[in-house]
>>> print(open('protein-v8.txt').read())   # compact mmCIF, C-alpha atoms and all ligand atoms
# COMPACT_ATOMS: atom_id res chain seq x y z
CA MET A 399 96.65 130.28 -10.43
CA ILE A 400 99.36 128.36 -8.58
CA ILE A 401 102.58 128.70 -10.56
CA THR A 402 104.91 125.73 -10.69
CA LYS A 403 108.11 124.82 -12.51
CA MET A 404 109.39 121.33 -13.14
CA LYS A 405 112.34 120.08 -11.17
CA SER A 406 115.44 119.49 -13.28
CA ASP A 407 115.94 116.09 -14.95
CA GLU A 408 118.82 115.43 -12.53
CA GLU A 409 116.67 116.17 -9.47
CA ILE A 410 113.82 113.99 -10.75
CA THR A 411 116.14 111.12 -11.63
CA LYS A 412 117.71 111.23 -8.14
CA MET A 413 114.30 111.41 -6.41
CA LEU A 414 112.89 108.49 -8.40
CA LYS A 415 116.00 106.30 -8.17
CA PRO A 416 115.05 104.26 -5.06
CA PHE A 417 111.72 103.17 -6.57
CA LYS A 418 111.26 100.31 -9.02
CA LYS A 419 107.62 100.92 -10.00
CA LEU A 420 105.96 104.30 -10.38
CA PHE A 421 102.53 105.68 -11.18
CA VAL A 422 102.23 109.19 -12.64
CA VAL A 423 99.51 111.74 -11.81
CA GLY A 424 98.98 115.03 -13.64
CA CYS A 425 96.96 118.13 -12.79
CA GLY A 426 94.21 119.27 -15.15
CA THR A 427 94.12 122.79 -13.79
CA CYS A 428 97.07 125.06 -12.85
CA SER A 429 99.87 122.67 -13.78
CA THR A 430 98.28 122.10 -17.18
CA SER A 431 98.34 125.87 -17.73
CA CYS A 432 101.96 126.04 -16.56
CA GLN A 433 102.83 123.06 -18.79
CA THR A 434 104.36 121.32 -15.78
CA GLY A 435 101.72 118.63 -15.27
CA GLY A 436 99.43 118.64 -18.29
CA GLU A 437 98.67 115.56 -20.33
CA ASP A 438 101.67 116.08 -22.63
CA GLN A 439 104.13 116.35 -19.73
CA VAL A 440 102.55 113.38 -17.92
CA LYS A 441 102.76 111.18 -21.03
CA GLU A 442 106.37 112.27 -21.51
CA MET A 443 107.18 111.28 -17.91
CA TYR A 444 105.36 107.97 -18.37
CA GLU A 445 107.31 107.21 -21.54
CA LYS A 446 110.62 108.15 -19.92
CA LEU A 447 109.91 105.70 -17.09
CA GLY A 448 109.44 102.83 -19.56
CA ASP A 449 109.03 99.46 -17.79
CA ARG A 450 109.06 101.17 -14.39
CA ALA A 451 105.70 102.85 -15.06
CA THR A 452 102.54 101.09 -13.88
CA GLY A 453 100.32 103.74 -15.48
CA TRP A 454 99.34 107.41 -15.53
CA THR A 455 96.26 109.52 -15.20
CA MET A 456 95.08 113.12 -15.06
CA VAL A 457 93.27 114.43 -12.00
CA GLU A 458 91.14 117.39 -12.95
CA GLU A 459 92.03 119.30 -9.77
CA PRO A 460 94.38 117.31 -7.51
CA CYS A 461 94.24 119.89 -4.70
CA ASP A 462 90.57 118.93 -4.23
CA LEU A 463 90.22 115.72 -2.20
CA ARG A 464 86.77 114.96 -3.66
CA ILE A 465 88.02 115.23 -7.25
CA THR A 466 91.20 113.29 -6.48
CA ARG A 467 89.08 110.50 -4.98
CA ARG A 468 86.83 110.52 -8.05
CA ASP A 469 89.63 110.63 -10.64
CA LEU A 470 91.92 108.05 -9.02
CA LYS A 471 89.30 105.44 -8.22
CA ASP A 472 89.78 103.59 -11.52
CA ASN A 473 93.55 103.38 -11.02
CA LYS A 474 93.62 101.54 -7.71
CA ASP A 475 95.39 98.47 -9.09
CA GLN A 476 98.04 100.47 -10.95
CA ILE A 477 98.64 102.56 -7.84
CA ALA A 478 98.86 99.47 -5.63
CA GLU A 479 101.39 97.95 -8.03
CA ALA A 480 103.60 101.07 -7.77
CA ASP A 481 106.16 101.75 -5.02
CA ALA A 482 105.47 105.48 -5.29
CA ILE A 483 103.43 108.09 -7.19
CA VAL A 484 105.04 110.87 -9.20
CA VAL A 485 102.72 113.85 -8.83
CA MET A 486 103.03 116.64 -11.38
CA SER A 487 101.13 119.40 -9.61
CA CYS A 488 101.64 122.03 -6.93
CA GLY A 489 102.39 121.00 -3.34
CA GLY A 490 98.68 121.16 -2.52
CA GLY A 491 97.95 118.49 -5.10
CA VAL A 492 100.87 116.32 -4.02
CA GLN A 493 99.67 116.34 -0.41
CA THR A 494 96.08 115.61 -1.42
CA VAL A 495 97.18 112.60 -3.47
CA SER A 496 99.22 111.50 -0.46
CA ASP A 497 96.24 111.91 1.90
CA PHE A 498 93.96 109.92 -0.38
CA THR A 499 96.29 107.09 -1.40
CA LYS A 500 98.62 106.97 1.64
CA SER A 501 101.29 106.09 -0.94
CA ILE A 502 104.77 107.53 -1.12
CA VAL A 503 104.48 110.68 -3.24
CA LEU A 504 107.25 112.28 -5.29
CA PRO A 505 106.75 115.93 -6.30
CA ALA A 506 107.90 116.53 -9.88
CA ASN A 507 107.39 120.28 -9.57
CA GLU A 508 108.52 123.20 -7.47
CA THR A 509 105.59 125.32 -6.26
CA LEU A 510 106.49 128.97 -6.70
CA PHE A 511 103.62 131.37 -6.06
CA ILE A 512 100.05 132.47 -6.69
CA GLY A 513 100.47 134.28 -9.93
CA GLN A 514 99.18 136.19 -12.88
CA THR A 515 99.66 134.67 -16.32
CA GLU A 516 100.90 137.15 -18.90
CA ARG A 517 101.39 134.37 -21.41
CA ILE A 518 102.33 130.69 -21.15
CA GLY A 519 105.78 130.60 -19.59
CA LYS A 520 105.60 134.19 -18.29
CA PHE A 521 104.02 134.51 -14.86
CA HIS A 522 104.08 137.20 -12.19
CA ASP A 523 104.06 136.65 -8.42
CA MET A 524 100.90 138.35 -7.19
CA CYS A 525 99.83 137.05 -3.79
CA LYS A 526 101.38 135.41 -0.74
CA ALA A 527 97.96 134.34 0.58
CA CYS A 528 98.50 136.42 3.71
CA GLY A 529 94.89 136.17 4.85
CA GLU A 530 94.59 139.93 5.49
CA CYS A 531 94.09 141.45 2.05
CA ILE A 532 94.60 145.20 1.71
CA LEU A 533 94.33 145.52 -2.07
CA ASP A 534 91.39 147.90 -1.56
CA GLU A 535 93.82 150.36 0.09
CA THR A 536 96.75 149.88 -2.27
CA GLY A 537 95.23 150.38 -5.68
CA GLY A 538 95.01 146.65 -6.38
CA ILE A 539 98.81 146.19 -6.10
CA CYS A 540 100.05 143.89 -3.34
CA PRO A 541 102.95 145.32 -1.33
CA ILE A 542 103.43 142.10 0.63
CA THR A 543 104.26 140.31 -2.61
CA ARG A 544 105.49 142.94 -5.01
CA CYS A 545 107.61 145.08 -2.67
CA ALA A 546 110.92 143.24 -2.26
CA LYS A 547 110.84 143.98 1.48
CA GLY A 548 107.12 143.34 1.91
CA LEU A 549 106.69 146.82 3.39
CA LEU A 550 103.24 147.85 4.57
CA ASN A 551 104.09 151.58 4.62
CA GLY A 552 106.49 152.14 1.76
CA PRO A 553 108.34 153.29 -0.13
CA CYS A 554 111.66 152.74 1.58
CA GLY A 555 114.67 154.93 0.85
CA GLY A 556 115.94 152.48 -1.71
CA GLN A 557 113.84 153.41 -4.70
CA VAL A 558 115.46 155.43 -7.48
CA ASN A 559 113.43 156.73 -10.40
CA GLY A 560 110.67 154.29 -9.57
CA LYS A 561 113.00 151.28 -9.50
CA CYS A 562 113.75 149.05 -6.51
CA GLU A 563 117.26 148.80 -5.07
CA VAL A 564 116.75 145.08 -4.50
CA GLY A 565 117.73 143.29 -7.71
CA ASP A 566 119.90 146.13 -9.01
CA TYR A 567 117.09 148.48 -9.99
CA GLU A 568 115.66 146.11 -12.59
CA GLU A 569 112.20 145.83 -11.04
CA GLU A 570 109.62 148.53 -10.47
CA CYS A 571 109.17 149.78 -6.89
CA ALA A 572 105.78 148.47 -5.82
CA TRP A 573 105.12 151.50 -3.65
CA VAL A 574 105.75 153.90 -6.54
CA GLN A 575 103.32 151.80 -8.58
CA ILE A 576 100.81 151.99 -5.73
CA TYR A 577 101.22 155.77 -5.58
CA ASP A 578 100.74 156.12 -9.34
CA ARG A 579 97.68 153.84 -9.36
CA LEU A 580 96.03 155.65 -6.44
CA LYS A 581 96.76 158.99 -8.13
CA GLU A 582 95.14 157.75 -11.36
CA GLN A 583 92.13 156.70 -9.31
CA ASP A 584 92.04 160.05 -7.49
CA ARG A 585 92.38 158.23 -4.15
CA LEU A 586 95.76 159.48 -2.97
CA GLU A 587 94.42 159.99 0.55
CA LEU A 588 94.83 156.21 0.94
CA PHE A 589 98.58 156.55 0.48
CA THR A 590 98.93 158.13 3.92
CA VAL A 591 97.00 155.40 5.74
CA PHE A 592 99.31 153.95 8.41
CA ARG A 593 99.32 150.19 8.76
CA PRO A 594 100.69 148.80 12.04
CA PRO A 595 102.97 145.75 11.94
CA ARG A 596 101.08 142.51 11.51
CA ASP A 597 100.86 139.94 14.27
CA ASN A 598 102.31 136.96 12.48
CA SER A 599 102.22 134.89 15.67
CA THR A 600 98.54 134.18 14.92
CA LYS A 601 99.21 132.85 11.42
CA VAL A 602 99.34 129.24 12.55
CA LEU A 603 95.64 129.49 13.42
CA THR A 604 94.70 130.20 9.82
CA THR A 605 95.97 126.93 8.35
CA HIS A 606 92.48 125.47 8.10
CA TYR A 607 89.37 127.34 7.01
CA TYR A 608 85.84 126.14 7.25
CA PHE A 609 83.21 127.98 5.24
CA ARG A 610 79.56 127.33 5.85
S1 LIG A 701 97.50 141.59 0.70
FE1 LIG A 701 98.68 140.62 -0.91
S2 LIG A 701 99.38 138.70 -0.02
FE2 LIG A 701 97.69 139.42 1.24
S3 LIG A 701 95.88 138.38 0.35
FE3 LIG A 701 96.03 140.44 -0.58
S4 LIG A 701 97.16 140.08 -2.49
FE4 LIG A 701 97.51 138.28 -1.19
S1 LIG A 702 112.36 150.29 -3.31
FE1 LIG A 702 110.14 150.03 -3.29
S2 LIG A 702 109.78 147.88 -3.85
FE2 LIG A 702 111.93 148.07 -3.30
S3 LIG A 702 112.02 147.50 -1.17
FE3 LIG A 702 111.82 149.73 -1.22
S4 LIG A 702 109.61 150.14 -1.13
FE4 LIG A 702 109.86 147.96 -1.62
>>> encode(input="protein-v8.txt", output="structure tokens", more="lines below")
Ligand code: SF4
Ligand code: SF4
Amino acid sequence: MIITKMKSDEEITKMLKPFKKLFVVGCGTCSTSCQTGGEDQVKEMYEKLGDRATGWTMVEEPCDLRITRRDLKDNKDQIAEADAIVVMSCGGGVQTVSDFTKSIVLPANETLFIGQTERIGKFHDMCKACGECILDETGGICPITRCAKGLLNGPCGGQVNGKCEVGDYEEECAWVQIYDRLKEQDRLELFTVFRPPRDNSTKVLTTHYYFR
């Protein structure tokens, strides 16, 4: 799931200030789960806007252009009447709404990471979408994301009693976790696999994917 948090009231007020009329779009998927763009939050935003609001709607999955097209088609007039659209989703949804409507879009949320939900309001950063997944070698624990230094061949010299030096030893060292998990799985031979540095200069080529 894409984890988002709402911008502060001050940030939202400042961002919306130049616009007289606004339409509000929520996200029926991740941002509903994060309570940053579900129906309750969208209605709250709509009510706060008062006379400035031309309407609101939920898009089931605003990061999907086909669904955005389907779910916004009945709101054309309200969108046309608005100077801008407040989108309560992740950045993927905001850009999709922009692509479809060509309107000015205002992101109500900050997009944080691809995460695991422990419970509503408690999420863990799990994946940086690197495009070269090695979870099969690391016991299902991502060092790119969960090691503070993103080390491919950890642990570094900074771990003490299984805790990471970054953040004052409050967080677990990902590489100690990887070691423990591989040991539990009786696959410790994977711990000595050497991974060469990645060629990040090619990353720009992976912006678009086409699956057949
Ligand atoms: S290695 Fe980590 S960042 Fe890369 S795809 Fe796998 S989980 Fe995501
Ligand atoms: S102590 Fe562990 S988690 Fe922290 S930076 Fe070093 S290897 Fe990564």
>>> residues_around(input="protein-v8.txt", residues="Arg450 in chain A", least_positions_apart="5", cutoff="7 Å", atoms="all atoms listed in the file", output="list in words")
Lys418, Lys419 and Leu420 of chain A
>>> closest_residue(input="protein-v8.txt", among="A:Ser501, A:Ala506, A:Met399, A:Gly565", to="His522 in chain A", atoms="only C-alpha atoms")
A:Met399
>>> residues_near_ligand(input="protein-v8.txt", ligand="ligand LIG 701 (chain A)", cutoff="9 Å", atoms="all atoms listed in the file", output="ChimeraX atom specification")
/A:512,524-534,536,538-544
>>> atom_distance(input="protein-v8.txt", atom1="CA of Gly513 in chain A", atom2="CA of Thr402 in chain A")
9.7 Å
>>> atom_distance(input="protein-v8.txt", atom1="CA of Phe592 in chain A", atom2="atom FE2 of ligand LIG 702 (chain A)")
18.2 Å
>>> residues_near_ligand(input="protein-v8.txt", ligand="ligand LIG 702 (chain A)", cutoff="12 Å", atoms="all atoms listed in the file", output="number ranges by chain")
A: 539-577
>>> atom_distance(input="protein-v8.txt", atom1="CA of Asp472 in chain A", atom2="CA of Met456 in chain A")
11.5 Å
>>> closest_residue(input="protein-v8.txt", among="A:Phe589, A:Tyr444, A:Phe417, A:Phe498", to="Glu479 in chain A", atoms="all atoms listed in the file")
A:Phe417
>>> closest_residue(input="protein-v8.txt", among="A:Ile518, A:Val484, A:Met443, A:Ile477", to="Thr499 in chain A", atoms="only C-alpha atoms")
A:Ile477
>>> residues_around(input="protein-v8.txt", residues="Thr427 in chain A", least_positions_apart="4", cutoff="12 Å", atoms="all atoms listed in the file", output="count of residues only")
23
>>> closest_residue(input="protein-v8.txt", among="A:Asn473, A:Gly489, A:Arg517, A:Trp454", to="Val440 in chain A", atoms="all atoms listed in the file")
A:Trp454
>>> closest_residue(input="protein-v8.txt", among="A:Gly453, A:Phe421, A:Asp438, A:Gly426", to="Ile483 in chain A", atoms="all atoms listed in the file")
A:Phe421
>>> build_atoms(input="protein-v8.txt", residues="range 465-485 of chain A", atoms="N, CA and C atoms", output="PDB file, keeping the file's coordinate frame")
ATOM      1  N   ILE A 465      87.724 115.491  -5.832  1.00  0.00           N
ATOM      2  CA  ILE A 465      88.020 115.230  -7.250  1.00  0.00           C
ATOM      3  C   ILE A 465      89.144 114.203  -7.373  1.00  0.00           C
ATOM      4  N   THR A 466      90.102 114.275  -6.469  1.00  0.00           N
ATOM      5  CA  THR A 466      91.200 113.290  -6.480  1.00  0.00           C
ATOM      6  C   THR A 466      90.636 111.890  -6.239  1.00  0.00           C
ATOM      7  N   ARG A 467      89.728 111.795  -5.277  1.00  0.00           N
ATOM      8  CA  ARG A 467      89.080 110.500  -4.980  1.00  0.00           C
ATOM      9  C   ARG A 467      88.346 109.986  -6.226  1.00  0.00           C
ATOM     10  N   ARG A 468      87.610 110.898  -6.857  1.00  0.00           N
ATOM     11  CA  ARG A 468      86.830 110.520  -8.050  1.00  0.00           C
ATOM     12  C   ARG A 468      87.747 110.088  -9.195  1.00  0.00           C
ATOM     13  N   ASP A 469      88.812 110.871  -9.444  1.00  0.00           N
ATOM     14  CA  ASP A 469      89.630 110.630 -10.640  1.00  0.00           C
ATOM     15  C   ASP A 469      90.645 109.514 -10.462  1.00  0.00           C
ATOM     16  N   LEU A 470      90.939 109.136  -9.222  1.00  0.00           N
ATOM     17  CA  LEU A 470      91.920 108.050  -9.020  1.00  0.00           C
ATOM     18  C   LEU A 470      91.267 106.701  -8.763  1.00  0.00           C
ATOM     19  N   LYS A 471      89.947 106.701  -8.650  1.00  0.00           N
ATOM     20  CA  LYS A 471      89.300 105.440  -8.220  1.00  0.00           C
ATOM     21  C   LYS A 471      89.463 104.303  -9.234  1.00  0.00           C
ATOM     22  N   ASP A 472      89.618 104.645 -10.510  1.00  0.00           N
ATOM     23  CA  ASP A 472      89.780 103.590 -11.520  1.00  0.00           C
ATOM     24  C   ASP A 472      91.229 103.125 -11.642  1.00  0.00           C
ATOM     25  N   ASN A 473      92.128 103.738 -10.872  1.00  0.00           N
ATOM     26  CA  ASN A 473      93.550 103.380 -11.020  1.00  0.00           C
ATOM     27  C   ASN A 473      94.096 102.653  -9.798  1.00  0.00           C
ATOM     28  N   LYS A 474      93.181 102.148  -8.977  1.00  0.00           N
ATOM     29  CA  LYS A 474      93.620 101.540  -7.710  1.00  0.00           C
ATOM     30  C   LYS A 474      94.677 100.460  -7.905  1.00  0.00           C
ATOM     31  N   ASP A 475      94.459  99.582  -8.897  1.00  0.00           N
ATOM     32  CA  ASP A 475      95.390  98.470  -9.090  1.00  0.00           C
ATOM     33  C   ASP A 475      96.762  98.963  -9.522  1.00  0.00           C
ATOM     34  N   GLN A 476      96.760  99.935 -10.457  1.00  0.00           N
ATOM     35  CA  GLN A 476      98.040 100.470 -10.950  1.00  0.00           C
ATOM     36  C   GLN A 476      98.789 101.201  -9.836  1.00  0.00           C
ATOM     37  N   ILE A 477      98.012 101.855  -8.964  1.00  0.00           N
ATOM     38  CA  ILE A 477      98.640 102.560  -7.840  1.00  0.00           C
ATOM     39  C   ILE A 477      99.183 101.549  -6.829  1.00  0.00           C
ATOM     40  N   ALA A 478      98.418 100.499  -6.591  1.00  0.00           N
ATOM     41  CA  ALA A 478      98.860  99.470  -5.630  1.00  0.00           C
ATOM     42  C   ALA A 478     100.123  98.761  -6.125  1.00  0.00           C
ATOM     43  N   GLU A 479     100.235  98.623  -7.432  1.00  0.00           N
ATOM     44  CA  GLU A 479     101.390  97.950  -8.030  1.00  0.00           C
ATOM     45  C   GLU A 479     102.662  98.818  -7.929  1.00  0.00           C
ATOM     46  N   ALA A 480     102.458 100.134  -7.771  1.00  0.00           N
ATOM     47  CA  ALA A 480     103.600 101.070  -7.770  1.00  0.00           C
ATOM     48  C   ALA A 480     104.192 101.213  -6.366  1.00  0.00           C
ATOM     49  N   ASP A 481     105.508 101.476  -6.306  1.00  0.00           N
ATOM     50  CA  ASP A 481     106.160 101.750  -5.020  1.00  0.00           C
ATOM     51  C   ASP A 481     105.936 103.198  -4.594  1.00  0.00           C
ATOM     52  N   ALA A 482     105.652 104.057  -5.586  1.00  0.00           N
ATOM     53  CA  ALA A 482     105.470 105.480  -5.290  1.00  0.00           C
ATOM     54  C   ALA A 482     104.710 106.143  -6.444  1.00  0.00           C
ATOM     55  N   ILE A 483     104.171 107.335  -6.165  1.00  0.00           N
ATOM     56  CA  ILE A 483     103.430 108.090  -7.190  1.00  0.00           C
ATOM     57  C   ILE A 483     104.183 109.379  -7.493  1.00  0.00           C
ATOM     58  N   VAL A 484     104.445 109.603  -8.766  1.00  0.00           N
ATOM     59  CA  VAL A 484     105.040 110.870  -9.200  1.00  0.00           C
ATOM     60  C   VAL A 484     103.887 111.828  -9.448  1.00  0.00           C
ATOM     61  N   VAL A 485     103.841 112.926  -8.676  1.00  0.00           N
ATOM     62  CA  VAL A 485     102.720 113.850  -8.830  1.00  0.00           C
ATOM     63  C   VAL A 485     103.222 115.141  -9.473  1.00  0.00           C
TER      64      VAL A 485
END
